[in-house]
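One file, my_file.json, is given below (JSON, C-alpha atoms).
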[["chain", "number", "residue", "atom", "x", "y", "z"],
["A", 4, "MET", "CA", 0.00, 0.00, 0.00],
["A", 5, "MET", "CA", 1.09, 3.57, -0.58],
["A", 6, "ASN", "CA", 2.09, 5.84, 2.27],
["A", 7, "ARG", "CA", 0.97, 9.44, 2.43],
["A", 8, "LYS", "CA", 4.51, 10.62, 1.75],
["A", 9, "GLY", "CA", 7.02, 9.97, -1.00],
["A", 10, "MET", "CA", 4.82, 8.13, -3.50],
["A", 11, "LEU", "CA", 6.30, 10.03, -6.42],
["A", 12, "MET", "CA", 8.73, 12.70, -5.27],
["A", 13, "ASP", "CA", 9.61, 15.09, -2.46],
["A", 14, "ASN", "CA", 11.68, 17.53, -4.50],
["A", 15, "ILE", "CA", 9.73, 20.76, -5.06],
["A", 16, "ARG", "CA", 11.44, 21.52, -8.36],
["A", 17, "GLU", "CA", 10.49, 18.07, -9.68],
["A", 18, "ILE", "CA", 6.85, 18.69, -8.77],
["A", 19, "GLU", "CA", 6.97, 22.08, -10.48],
["A", 20, "LYS", "CA", 8.39, 20.38, -13.56],
["A", 21, "LEU", "CA", 5.69, 17.70, -13.39],
["A", 22, "ALA", "CA", 3.00, 20.42, -13.38],
["A", 23, "TYR", "CA", 4.37, 21.86, -16.62],
["A", 24, "LYS", "CA", 4.67, 18.43, -18.21],
["A", 25, "MET", "CA", 1.03, 17.86, -17.25],
["A", 26, "ARG", "CA", 0.13, 21.14, -18.95],
["A", 27, "LYS", "CA", 1.84, 19.94, -22.13],
["A", 28, "ASP", "CA", 0.10, 16.56, -22.06],
["A", 29, "THR", "CA", -3.23, 18.25, -21.36],
["A", 30, "LEU", "CA", -2.83, 20.76, -24.18],
["A", 31, "ARG", "CA", -1.86, 17.99, -26.60],
["A", 32, "GLY", "CA", -5.12, 16.20, -25.84],
["A", 33, "ILE", "CA", -7.18, 19.39, -26.13],
["A", 34, "TYR", "CA", -5.50, 20.28, -29.43],
["A", 35, "ASN", "CA", -6.09, 16.79, -30.85],
["A", 36, "ALA", "CA", -9.74, 16.91, -29.77],
["A", 37, "GLY", "CA", -10.27, 20.43, -31.10],
["A", 38, "SER", "CA", -12.06, 21.39, -27.88],
["A", 39, "GLY", "CA", -11.46, 21.70, -24.18],
["A", 40, "HIS", "CA", -10.77, 24.05, -21.28],
["A", 41, "PRO", "CA", -7.09, 24.98, -21.12],
["A", 42, "GLY", "CA", -7.52, 28.02, -18.88],
["A", 43, "GLY", "CA", -8.99, 26.23, -15.88],
["A", 44, "ASN", "CA", -6.82, 23.14, -16.38],
["A", 45, "PHE", "CA", -3.63, 25.17, -16.31],
["A", 46, "SER", "CA", -4.61, 27.20, -13.25],
["A", 47, "CYS", "CA", -4.78, 24.10, -11.03],
["A", 48, "ALA", "CA", -1.80, 22.16, -12.42],
["A", 49, "GLU", "CA", 0.47, 22.69, -9.39],
["A", 50, "ILE", "CA", -2.35, 21.81, -7.00],
["A", 51, "ILE", "CA", -3.10, 18.48, -8.68],
["A", 52, "ALA", "CA", 0.57, 17.68, -9.31],
["A", 53, "THR", "CA", 1.31, 18.21, -5.61],
["A", 54, "LEU", "CA", -1.63, 16.11, -4.43],
["A", 55, "TYR", "CA", -0.45, 13.18, -6.55],
["A", 56, "SER", "CA", 3.24, 13.55, -5.61],
["A", 57, "GLY", "CA", 3.09, 12.04, -2.16],
["A", 58, "ILE", "CA", 0.29, 13.97, -0.46],
["A", 59, "MET", "CA", -2.60, 11.66, -1.28],
["A", 60, "ARG", "CA", -2.58, 8.06, -0.15],
["A", 61, "VAL", "CA", -3.50, 6.11, -3.28],
["A", 62, "ASP", "CA", -2.46, 2.88, -4.96],
["A", 63, "PRO", "CA", -2.49, 2.64, -8.80],
["A", 64, "LYS", "CA", -2.50, -1.16, -8.52],
["A", 65, "ASN", "CA", -5.61, -1.04, -6.35],
["A", 66, "PRO", "CA", -7.65, 2.02, -7.42],
["A", 67, "LYS", "CA", -10.65, 1.06, -5.26],
["A", 68, "TRP", "CA", -8.60, 0.48, -2.11],
["A", 69, "GLN", "CA", -11.00, 1.25, 0.73],
["A", 70, "ASP", "CA", -8.44, 3.20, 2.79],
["A", 71, "ARG", "CA", -7.26, 5.48, -0.02],
["A", 72, "ASP", "CA", -7.60, 9.25, 0.15],
["A", 73, "ARG", "CA", -10.30, 10.59, -2.18],
["A", 74, "LEU", "CA", -10.29, 13.51, -4.61],
["A", 75, "VAL", "CA", -13.52, 14.98, -5.93],
["A", 76, "LEU", "CA", -12.80, 17.24, -8.90],
["A", 77, "SER", "CA", -15.83, 19.46, -8.58],
["A", 78, "LYS", "CA", -14.60, 21.75, -11.38],
["A", 79, "GLY", "CA", -15.01, 18.82, -13.72],
["A", 80, "HIS", "CA", -13.89, 20.64, -16.87],
["A", 81, "ALA", "CA", -10.34, 20.30, -15.46],
["A", 82, "GLY", "CA", -10.62, 16.55, -16.00],
["A", 83, "PRO", "CA", -7.76, 16.41, -18.54],
["A", 84, "ILE", "CA", -5.16, 17.73, -16.08],
["A", 85, "LEU", "CA", -6.37, 15.14, -13.55],
["A", 86, "PHE", "CA", -6.06, 12.42, -16.18],
["A", 87, "THR", "CA", -2.43, 13.36, -16.81],
["A", 88, "ALA", "CA", -1.69, 13.16, -13.06],
["A", 89, "LEU", "CA", -3.30, 9.74, -12.87],
["A", 90, "ALA", "CA", -1.35, 8.56, -15.91],
["A", 91, "SER", "CA", 1.88, 9.93, -14.41],
["A", 92, "ASN", "CA", 1.16, 7.75, -11.38],
["A", 93, "GLY", "CA", 0.60, 4.63, -13.46],
["A", 94, "PHE", "CA", -3.18, 4.29, -13.28],
["A", 95, "PHE", "CA", -3.22, 3.98, -17.09],
["A", 96, "PRO", "CA", -0.85, 4.78, -19.99],
["A", 97, "MET", "CA", -0.18, 8.45, -20.74],
["A", 98, "LYS", "CA", -0.85, 7.68, -24.41],
["A", 99, "GLU", "CA", -4.56, 7.57, -23.57],
["A", 100, "CYS", "CA", -4.46, 11.28, -22.67],
["A", 101, "GLU", "CA", -3.76, 12.14, -26.31],
["A", 102, "ASN", "CA", -7.24, 11.01, -27.36],
["A", 103, "ILE", "CA", -9.53, 12.68, -24.84],
["A", 104, "ARG", "CA", -13.09, 13.28, -26.02],
["A", 105, "SER", "CA", -12.83, 10.73, -28.82],
["A", 106, "ILE", "CA", -15.79, 8.38, -29.22],
["A", 107, "THR", "CA", -13.67, 5.37, -28.23],
["A", 108, "SER", "CA", -11.96, 6.93, -25.22],
["A", 109, "LYS", "CA", -12.91, 6.54, -21.57],
["A", 110, "LEU", "CA", -11.29, 9.97, -21.02],
["A", 111, "GLN", "CA", -13.86, 12.61, -21.85],
["A", 112, "CYS", "CA", -14.04, 16.26, -20.82],
["A", 113, "THR", "CA", -14.88, 15.52, -17.20],
["A", 114, "PRO", "CA", -13.98, 12.75, -14.72],
["A", 115, "SER", "CA", -15.99, 9.54, -14.76],
["A", 116, "LEU", "CA", -16.12, 6.54, -12.47],
["A", 117, "LYS", "CA", -15.13, 4.50, -15.54],
["A", 118, "VAL", "CA", -11.63, 6.03, -15.27],
["A", 119, "GLU", "CA", -9.18, 4.26, -12.97],
["A", 120, "GLY", "CA", -8.33, 6.54, -10.04],
["A", 121, "CYS", "CA", -11.36, 8.84, -10.41],
["A", 122, "ASP", "CA", -13.44, 8.86, -7.24],
["A", 123, "ALA", "CA", -16.48, 10.73, -8.57],
["A", 124, "SER", "CA", -18.08, 11.65, -11.85],
["A", 125, "ALA", "CA", -18.30, 15.39, -12.40],
["A", 126, "GLY", "CA", -19.53, 18.03, -14.80],
["A", 127, "SER", "CA", -22.46, 19.76, -13.14],
["A", 128, "LEU", "CA", -20.81, 22.60, -11.24],
["A", 129, "GLY", "CA", -21.67, 23.07, -7.58],
["A", 130, "GLN", "CA", -22.32, 19.40, -6.79],
["A", 131, "GLY", "CA", -18.84, 18.18, -5.94],
["A", 132, "LEU", "CA", -18.68, 19.57, -2.42],
["A", 133, "SER", "CA", -21.89, 17.73, -1.52],
["A", 134, "THR", "CA", -20.36, 14.51, -2.86],
["A", 135, "ALA", "CA", -17.21, 15.10, -0.81],
["A", 136, "VAL", "CA", -19.24, 15.79, 2.34],
["A", 137, "GLY", "CA", -20.96, 12.44, 1.87],
["A", 138, "MET", "CA", -17.62, 10.66, 1.48],
["A", 139, "ALA", "CA", -16.22, 12.37, 4.57],
["A", 140, "LEU", "CA", -19.30, 11.45, 6.61],
["A", 141, "ALA", "CA", -18.94, 7.83, 5.47],
["A", 142, "GLY", "CA", -15.31, 7.84, 6.56],
["A", 143, "LYS", "CA", -16.30, 9.05, 10.00],
["A", 144, "ALA", "CA", -19.09, 6.47, 10.27],
["A", 145, "ASP", "CA", -16.73, 3.65, 9.27],
["A", 146, "ASN", "CA", -13.90, 4.83, 11.56],
["A", 147, "LYS", "CA", -11.58, 5.24, 8.56],
["A", 148, "ASP", "CA", -8.67, 7.66, 8.54],
["A", 149, "TYR", "CA", -8.78, 8.57, 4.85],
["A", 150, "ARG", "CA", -9.04, 12.20, 3.83],
["A", 151, "VAL", "CA", -11.38, 13.66, 1.24],
["A", 152, "PHE", "CA", -10.08, 16.45, -0.97],
["A", 153, "VAL", "CA", -12.41, 18.50, -3.16],
["A", 154, "LEU", "CA", -11.12, 20.93, -5.77],
["A", 155, "MET", "CA", -13.62, 23.63, -6.72],
["A", 156, "GLY", "CA", -13.61, 26.58, -9.06],
["A", 157, "ASP", "CA", -14.29, 30.09, -7.84],
["A", 158, "GLY", "CA", -17.03, 30.50, -10.46],
["A", 159, "GLU", "CA", -18.98, 27.58, -9.04],
["A", 160, "GLN", "CA", -19.11, 29.32, -5.66],
["A", 161, "ASP", "CA", -22.09, 31.07, -7.29],
["A", 162, "GLU", "CA", -24.09, 27.85, -6.81],
["A", 163, "GLY", "CA", -26.43, 27.68, -3.84],
["A", 164, "GLN", "CA", -25.74, 23.98, -3.32],
["A", 165, "ILE", "CA", -22.15, 24.84, -2.41],
["A", 166, "TRP", "CA", -23.31, 26.75, 0.64],
["A", 167, "GLU", "CA", -25.71, 24.04, 1.78],
["A", 168, "ALA", "CA", -22.76, 21.63, 1.75],
["A", 169, "VAL", "CA", -20.56, 24.19, 3.53],
["A", 170, "MET", "CA", -23.07, 24.32, 6.38],
["A", 171, "ALA", "CA", -23.38, 20.53, 6.57],
["A", 172, "ALA", "CA", -19.62, 20.01, 6.68],
["A", 173, "ALA", "CA", -19.17, 22.47, 9.52],
["A", 174, "HIS", "CA", -22.17, 21.09, 11.44],
["A", 175, "HIS", "CA", -20.72, 17.57, 11.33],
["A", 176, "LYS", "CA", -17.19, 18.78, 12.17],
["A", 177, "LEU", "CA", -15.69, 17.03, 9.16],
["A", 178, "ASP", "CA", -12.00, 17.56, 9.88],
["A", 179, "ASN", "CA", -11.25, 14.82, 7.33],
["A", 180, "LEU", "CA", -12.49, 17.13, 4.55],
["A", 181, "ILE", "CA", -10.10, 19.52, 2.79],
["A", 182, "GLY", "CA", -11.58, 21.86, 0.22],
["A", 183, "ILE", "CA", -9.47, 23.80, -2.26],
["A", 184, "VAL", "CA", -10.77, 26.72, -4.30],
["A", 185, "ASP", "CA", -8.90, 27.35, -7.55],
["A", 186, "ASN", "CA", -9.29, 31.11, -7.21],
["A", 187, "ASN", "CA", -8.21, 32.27, -10.68],
["A", 188, "GLN", "CA", -10.77, 35.12, -10.64],
["A", 189, "VAL", "CA", -12.06, 34.28, -14.14],
["A", 190, "GLN", "CA", -15.04, 32.19, -15.26],
["A", 191, "MET", "CA", -16.53, 31.29, -18.62],
["A", 192, "CYS", "CA", -17.90, 34.66, -19.69],
["A", 193, "GLY", "CA", -15.75, 37.14, -17.78],
["A", 194, "THR", "CA", -14.19, 37.93, -14.43],
["A", 195, "ILE", "CA", -15.70, 36.79, -11.16],
["A", 196, "LYS", "CA", -16.07, 40.41, -10.13],
["A", 197, "ASP", "CA", -18.06, 41.29, -13.26],
["A", 198, "ILE", "CA", -20.26, 38.16, -13.46],
["A", 199, "LEU", "CA", -21.19, 37.70, -9.79],
["A", 200, "ASP", "CA", -18.80, 39.12, -7.25],
["A", 201, "THR", "CA", -18.41, 36.60, -4.42],
["A", 202, "GLY", "CA", -16.28, 38.97, -2.36],
["A", 203, "ASP", "CA", -13.85, 37.53, 0.16],
["A", 204, "LEU", "CA", -14.44, 33.77, 0.00],
["A", 205, "GLY", "CA", -12.17, 33.11, 2.96],
["A", 206, "ASN", "CA", -14.24, 35.33, 5.22],
["A", 207, "LYS", "CA", -17.43, 33.65, 4.01],
["A", 208, "TYR", "CA", -16.15, 30.13, 4.76],
["A", 209, "ALA", "CA", -14.84, 31.28, 8.15],
["A", 210, "ALA", "CA", -18.30, 32.67, 8.98],
["A", 211, "PHE", "CA", -19.74, 29.23, 8.23],
["A", 212, "GLY", "CA", -17.31, 27.58, 10.66],
["A", 213, "TRP", "CA", -14.45, 26.41, 8.43],
["A", 214, "ASN", "CA", -10.72, 26.61, 9.01],
["A", 215, "VAL", "CA", -9.39, 28.96, 6.30],
["A", 216, "ILE", "CA", -5.91, 28.92, 4.76],
["A", 217, "ARG", "CA", -4.84, 31.30, 1.99],
["A", 218, "ILE", "CA", -1.99, 30.45, -0.40],
["A", 219, "ASP", "CA", -0.41, 31.07, -3.79],
["A", 220, "GLY", "CA", -1.84, 28.14, -5.74],
["A", 221, "HIS", "CA", 1.23, 27.91, -7.98],
["A", 222, "ASP", "CA", 3.67, 27.64, -5.06],
["A", 223, "VAL", "CA", 4.25, 23.93, -4.38],
["A", 224, "LYS", "CA", 5.81, 24.58, -0.97],
["A", 225, "GLN", "CA", 2.78, 26.60, 0.13],
["A", 226, "ILE", "CA", 0.41, 23.90, -1.14],
["A", 227, "LYS", "CA", 2.22, 21.23, 0.86],
["A", 228, "GLU", "CA", 2.35, 23.36, 4.01],
["A", 229, "ALA", "CA", -1.35, 24.22, 3.73],
["A", 230, "ILE", "CA", -2.33, 20.55, 3.60],
["A", 231, "GLU", "CA", -0.04, 19.76, 6.54],
["A", 232, "ALA", "CA", -1.74, 22.54, 8.49],
["A", 233, "ALA", "CA", -5.17, 21.20, 7.51],
["A", 234, "ASP", "CA", -4.19, 17.77, 8.81],
["A", 235, "LYS", "CA", -3.56, 19.30, 12.24],
["A", 236, "GLU", "CA", -7.08, 20.77, 12.44],
["A", 237, "LYS", "CA", -9.17, 18.36, 14.52],
["A", 238, "SER", "CA", -12.52, 20.07, 14.91],
["A", 239, "LYS", "CA", -13.64, 21.52, 11.60],
["A", 240, "PRO", "CA", -13.26, 21.20, 7.80],
["A", 241, "THR", "CA", -10.55, 23.22, 6.06],
["A", 242, "ILE", "CA", -10.81, 25.37, 2.95],
["A", 243, "ILE", "CA", -7.65, 26.38, 1.11],
["A", 244, "ILE", "CA", -8.16, 29.53, -0.95],
["A", 245, "ALA", "CA", -5.53, 29.16, -3.66],
["A", 246, "THR", "CA", -4.86, 32.31, -5.68],
["A", 247, "THR", "CA", -4.05, 31.22, -9.24],
["A", 248, "VAL", "CA", -3.82, 32.51, -12.81],
["A", 249, "LYS", "CA", -6.21, 31.32, -15.48],
["A", 250, "GLY", "CA", -4.19, 29.78, -18.32],
["A", 251, "LYS", "CA", -0.98, 29.81, -16.24],
["A", 252, "GLY", "CA", 2.14, 29.06, -18.28],
["A", 253, "VAL", "CA", 0.98, 30.29, -21.69],
["A", 254, "SER", "CA", 1.39, 34.03, -22.14],
["A", 255, "TYR", "CA", -1.55, 34.65, -24.46],
["A", 256, "MET", "CA", -3.93, 32.60, -22.27],
["A", 257, "GLU", "CA", -3.11, 34.03, -18.85],
["A", 258, "GLY", "CA", -6.03, 35.83, -17.23],
["A", 259, "LYS", "CA", -8.18, 35.60, -20.38],
["A", 260, "TYR", "CA", -11.74, 34.31, -20.06],
["A", 261, "GLN", "CA", -11.69, 33.57, -23.80],
["A", 262, "TRP", "CA", -9.48, 30.56, -22.98],
["A", 263, "HIS", "CA", -11.90, 29.09, -20.48],
["A", 264, "GLY", "CA", -13.26, 26.76, -23.15],
["A", 265, "ALA", "CA", -11.34, 26.97, -26.44],
["A", 266, "ALA", "CA", -8.74, 24.83, -28.20],
["A", 267, "PRO", "CA", -5.71, 26.48, -29.83],
["A", 268, "ASN", "CA", -5.19, 26.47, -33.57],
["A", 269, "GLU", "CA", -1.95, 25.06, -35.00],
["A", 270, "GLU", "CA", 0.06, 28.26, -34.64],
["A", 271, "GLU", "CA", -1.22, 28.92, -31.11],
["A", 272, "TYR", "CA", -0.49, 25.30, -30.17],
["A", 273, "LYS", "CA", 3.12, 25.56, -31.30],
["A", 274, "ILE", "CA", 3.62, 28.81, -29.39],
["A", 275, "ALA", "CA", 2.09, 27.35, -26.22],
["A", 276, "MET", "CA", 4.11, 24.15, -26.36],
["A", 277, "GLY", "CA", 7.28, 26.19, -26.90],
["A", 278, "GLU", "CA", 6.58, 28.36, -23.86],
["A", 279, "LEU", "CA", 5.85, 25.33, -21.69],
["A", 280, "ASP", "CA", 9.07, 23.67, -22.92],
["A", 281, "ASN", "CA", 11.01, 26.79, -21.97],
["A", 282, "VAL", "CA", 9.82, 26.55, -18.38],
["A", 283, "ILE", "CA", 10.56, 22.82, -18.21],
["A", 284, "ASN", "CA", 14.06, 23.44, -19.52],
["A", 285, "ALA", "CA", 14.59, 26.19, -16.96],
["A", 286, "LEU", "CA", 13.58, 23.70, -14.26],
["A", 287, "GLY", "CA", 16.17, 21.20, -15.45],
["A", 288, "GLY", "CA", 14.67, 19.69, -18.59],
["A", 289, "GLU", "CA", 12.73, 16.50, -19.23]]
Would you mind writing the file out in structure tokens?
Amino acid sequence: MMNRKGMLMDNIREIEKLAYKMRKDTLRGIYNAGSGHPGGNFSCAEIIATLYSGIMRVDPKNPKWQDRDRLVLSKGHAGPILFTALASNGFFPMKECENIRSITSKLQCTPSLKVEGCDASAGSLGQGLSTAVGMALAGKADNKDYRVFVLMGDGEQDEGQIWEAVMAAAHHKLDNLIGIVDNNQVQMCGTIKDILDTGDLGNKYAAFGWNVIRIDGHDVKQIKEAIEAADKEKSKPTIIIATTVKGKGVSYMEGKYQWHGAAPNEEEYKIAMGELDNVINALGGE
């Protein structure tokens, strides 16, 4: 069985490099499919890379292991970046990530229970936190020590169901639940502030009884330290507000809502892959 530490790597630079490799593999699949969501995939790359580099207790040889940690990807349109993390861990061959959204592929736009290593199907925004609350409650009822992580978008904080789940988690003192908000400040049709300003999310979660941690969502060290701090909280659920950049790593995508759900053309693809390669090379190369 896998321990919670050291499954893939402990070196921060290697995790940073993995995040950029995952961006490349994700973009390749989106480009081949001619559709996808690069902006929101790229903003959470370091978060997912870190979770699957020794933080989460999982076993690729036994994906349904009862004592594994769970991840609910509530922002389901970031499925491709999750798929690349799972493939990097050996749940299935990376080659499969090149054919996302094809009629013959099990890897579609969003996670599915048909995919090895995926703990929940996703796609309808706002529902993932409720799913995670249920998993965390089950863990408590069964006296299990697994943790439940849920990665949400900031745009889906608009959904009323989120706040029902927030109340339930606090009421039941689900200290085995760790929420992460990919706070890239941009949703499908514009900025969060322009579409529906949610204000200070940390203050809102704190008012509902959650432990709140604020970090730079592209800083691997901060991500690790935030999860370690969450593990020490023994009376309430934790929310990590991770400030990120939509389209991180590709200059013409960064901060642009137009890249929430669009595939690059051939020229754009070549530029993006070149920029991602430059970062990987600066981190020590493949």
Centre and edge lengths of an axis-aligned box around all listed atoms of segment 80-91 of chain A, with 4 Å added on each side, are to be given in Å to one decimal, as lines of an AutoDock Vina configuration file.
center_x = -6.0
center_y = 14.6
center_z = -15.7
size_x = 23.8
size_y = 20.1
size_z = 13.7
**Asked** Residues at most 12 Å from segment 112-114 of chain A, counting only C-alpha atoms, excluding those fewer than 3 positions away in the same chain, as a ChimeraX atom specification?
**Response** /A:29,32-33,36-41,44,74-87,89,100,102-106,108-109,117-128,131,264
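A straight line drawn from atom CA of Tyr260 of chain A to atom CA of Glu278 of chain A is 19.6 Å long.
Residues surrounding Lys224 of chain A within 10 Å are A:Asn14, A:Ile15, A:Arg16, A:Ile18, A:Glu19, A:Thr53, A:Ile218, A:Asp219, A:Ala229 [only C-alpha atoms; sequence separation below 5 positions excluded].
For the atom pair formed by atom CA of Lys273 of chain A and atom CA of Ile51 of chain A, the distance is 24.5 Å, given to one decimal.
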**Message:** Rounded to one decimal, what separation in Å do you get between atom CA of Asp157 of chain A and atom CA of Thr201 of chain A?
**Reply:** 8.4 Å
**Item:** Residues near segment 235-241 of chain A, cut-off 7 Å, all atoms listed in the file, skip fewer than 3 positions along chain, as number ranges by chain
**Value:** A: 172-173, 176-182, 213-215, 231-232
**Complete:** In terms of all atoms listed in the file, the residue from A:Leu204, A:Val61, A:Met170, A:Ile274 at minimal distance from Ile183 of chain A is A:Leu204
**Prompt:** Using all atoms listed in the file, which of A:Lys227, A:Met256, A:Gln160, A:Thr247 sits nearest Lys207 of chain A?
**Reply:** A:Gln160
**Request:** Considering all atoms listed in the file, state which residue in the set A:Gln261, A:Lys98, A:Tyr55, A:Ile283 is at the smallest distance from Gly193 of chain A.
**Result:** A:Gln261
**Message:** List as a list in words the protein and nucleic acid residues near Phe45 of chain A, meaning an atom at most 8 Å away when all atoms listed in the file are counted, but skip any in the same chain fewer than 4 places from it.
**Reply:** Arg26, Pro41, Ile84, Lys249, Gly250, Lys251 and Gly252 of chain A
